[in-house]
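**Q** Please read through the structure below; I'll follow up with questions.
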Amino acid sequence: MDIFRTIPDVRAASRTIRSDGKRLGFVPTMGALHDGHLSLVRAARTQCEAVAASIFVNPLQFGPNEDLEKYPRNFDRDCELLRNDSVDFIFAPSVEEMYPEGAVTHVTVEGLSDRLCGQSRPGHFRGVTTVVAKLFHIVEPDIAFFGQKDAAQLAIIRRMVRDLNFAVEIVACPIVREPDGLAMSSRNAYLSSKDRKAALALYRSLMEVQKLFQQGERNADVLMIAGRKAFMEGESARLDYLKIVHPDSLDSLTDVKETALAAVAGFVGTTRLIDNVLLRGEEVAVHSKATV
Ligand code: PAF
């Protein structure tokens with residue numbers, strides 16, 4: 001497995017792979033890898049003959065009072081995990097490599113970027129789309145793999161790819177959960193054992209929404225109120241939002257007629273966590289079940 005630090009090295013490797021007629025799958029990450037990331041790598045492996053991953057903690061997607069400095073970093077362990085999963089190469093650039101002095105160009109998906117986490121974290125999605133656009137230009141993958149846990153990120157990246165005609169297919173992979181339902185996240189590393197229990201508020205709220213939905217409730221307000229109430233049953237978690245939106249446009253819904261996204265964000269101490277479930281007609285969303 002090669003580890004590249006510079007853009008020309010990655011381009012050369014990617015172009016060699018693709019000129020050999022191999023499809024290149026790409027898993028962009030910020031490191032601190034867990035089974036959720038590895039499930040993306042494995043999905044890439046099944047669909048592509050070569051797999052690349054990036055490890056880059058992107059400063060542009062962190063707000064001034066967020067956890068950029070303390071974001072978990074464990075490069076050697078991450079490399080080991082990716083090597084074990086037969087990744088062909090890793091791109092791990094420096095901040096200067098990605099954002100040289102004077103870089104002022106950004107990519108914004110208007111409207112969508114201000115919804116869900118974009119409302120609570122102004123500028124976050126602009127940072128995500130800017131770095132993902134750059135990574136796509138640098139790595140030139142055929143298929144890129146993203147986790148459904150960041151459902152708003154996924155919708156925004158899909159829109160960017162469509163609007164700007166990127167020649168990359170976006171594949172979404174199911175949320176990977178701990179046995180008790182907590183969605184895997186690099187930020188779970190911040191949680192004490194007490195916080196860990198409090199963090200279940202997110203999953204509990206979504207399960208309440210899903211239960212009512214399965215019982216036939218289609219009014220989004222009723223579903224959201226019940227979900228918020230279930231969230232509040234725990235003591236120490238603080239709700240940021242629980243919303244029911246269209247999974248592509250992220251527009252708020254009043255009635256759930258077709259597929260809807262129930263998305264929740266909350267704080268446990270200073271740790272911000274997100275989770276979601278897809279509500280699909282009569283059927284239960286596959287990724288809402290614990291997949292471990
Ligand atoms: O989902 C993430 O880890 C990040 O937002 C991403 C897509 C790697 C961009 O920095």
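Residues are referred to by chain and number: the chain letter is A, B, ... according to the order shown in the structure tokens, the number counts from 1 in that chain, and ligands are numbered separately from 1 in the order shown.
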Could you go through segment 110-243 of chain A and tell me which residues DSSP, when run on the backbone, assigns to strand (DSSP E or B), listing them as a PyMOL selection string?

**A** chain A and resi 143-147+169-173+177+183+219+237-243

**Q** Show me which residues are within 6 Å of ligand 1 counting only C-alpha atoms and all ligand atoms, and format the list as a list of chain:residue names.

**A** A:Pro28, A:Thr29, A:Met30, A:Asn58, A:Val128, A:Val132

**Q** Can you pull out every residue within 7 Å of Ile244 of chain A, counting only C-alpha atoms, but drop anything in the same chain fewer than 5 positions away, and send it as a PDB file with N, CA and C atoms, in the first residue's frame?

**A**
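Saved result, around12.pdb, follows:
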```
ATOM      1  N   ALA A 220     -45.707  14.612   9.833  1.00  0.00           N
ATOM      2  CA  ALA A 220     -44.307  14.839  10.233  1.00  0.00           C
ATOM      3  C   ALA A 220     -44.219  15.516  11.598  1.00  0.00           C
ATOM      4  N   MET A 224     -42.157  14.091  14.668  1.00  0.00           N
ATOM      5  CA  MET A 224     -41.029  14.858  15.230  1.00  0.00           C
ATOM      6  C   MET A 224     -41.217  15.108  16.722  1.00  0.00           C
ATOM      7  N   SER A 252     -38.129  20.493   4.450  1.00  0.00           N
ATOM      8  CA  SER A 252     -38.987  19.960   5.511  1.00  0.00           C
ATOM      9  C   SER A 252     -40.260  19.393   4.898  1.00  0.00           C
ATOM     10  N   LEU A 253     -40.765  18.332   5.495  1.00  0.00           N
ATOM     11  CA  LEU A 253     -41.995  17.700   4.996  1.00  0.00           C
ATOM     12  C   LEU A 253     -43.103  17.897   6.019  1.00  0.00           C
ATOM     13  N   ALA A 260     -38.730   9.429   3.399  1.00  0.00           N
ATOM     14  CA  ALA A 260     -38.349  10.623   4.163  1.00  0.00           C
ATOM     15  C   ALA A 260     -37.132  10.299   5.012  1.00  0.00           C
ATOM     16  N   LEU A 261     -36.408  11.359   5.341  1.00  0.00           N
ATOM     17  CA  LEU A 261     -35.240  11.206   6.204  1.00  0.00           C
ATOM     18  C   LEU A 261     -35.573  11.812   7.564  1.00  0.00           C
ATOM     19  N   ALA A 262     -35.498  10.994   8.603  1.00  0.00           N
ATOM     20  CA  ALA A 262     -35.614  11.525   9.965  1.00  0.00           C
ATOM     21  C   ALA A 262     -34.184  11.692  10.467  1.00  0.00           C
ATOM     22  N   ALA A 263     -33.793  12.939  10.713  1.00  0.00           N
ATOM     23  CA  ALA A 263     -32.398  13.222  11.075  1.00  0.00           C
ATOM     24  C   ALA A 263     -32.352  13.891  12.435  1.00  0.00           C
TER      25      ALA A 263
END
```

**Q** Extract the full set of alpha helix (DSSP H) residues from segment 24-265 of chain A according to DSSP on the backbone, and format it as a PyMOL selection string.

**A** chain A and resi 35-47+75-84+95-98+117-120+124-139+151-163+193-198+200-214+220-232

**Q** So how many Å separate atom CA of Ser39 of chain A and atom CA of Arg11 of chain A, to one decimal?

**A** 24.9 Å

**Q** Excluding Gly227 of chain A and its own-chain neighbours fewer than 6 positions away, which residues fall within 10 Å of it when counting only C-alpha atoms? Please give them as an MDAnalysis selection string.

**A** chainID A and resid 201:212 221 242:243 262 264
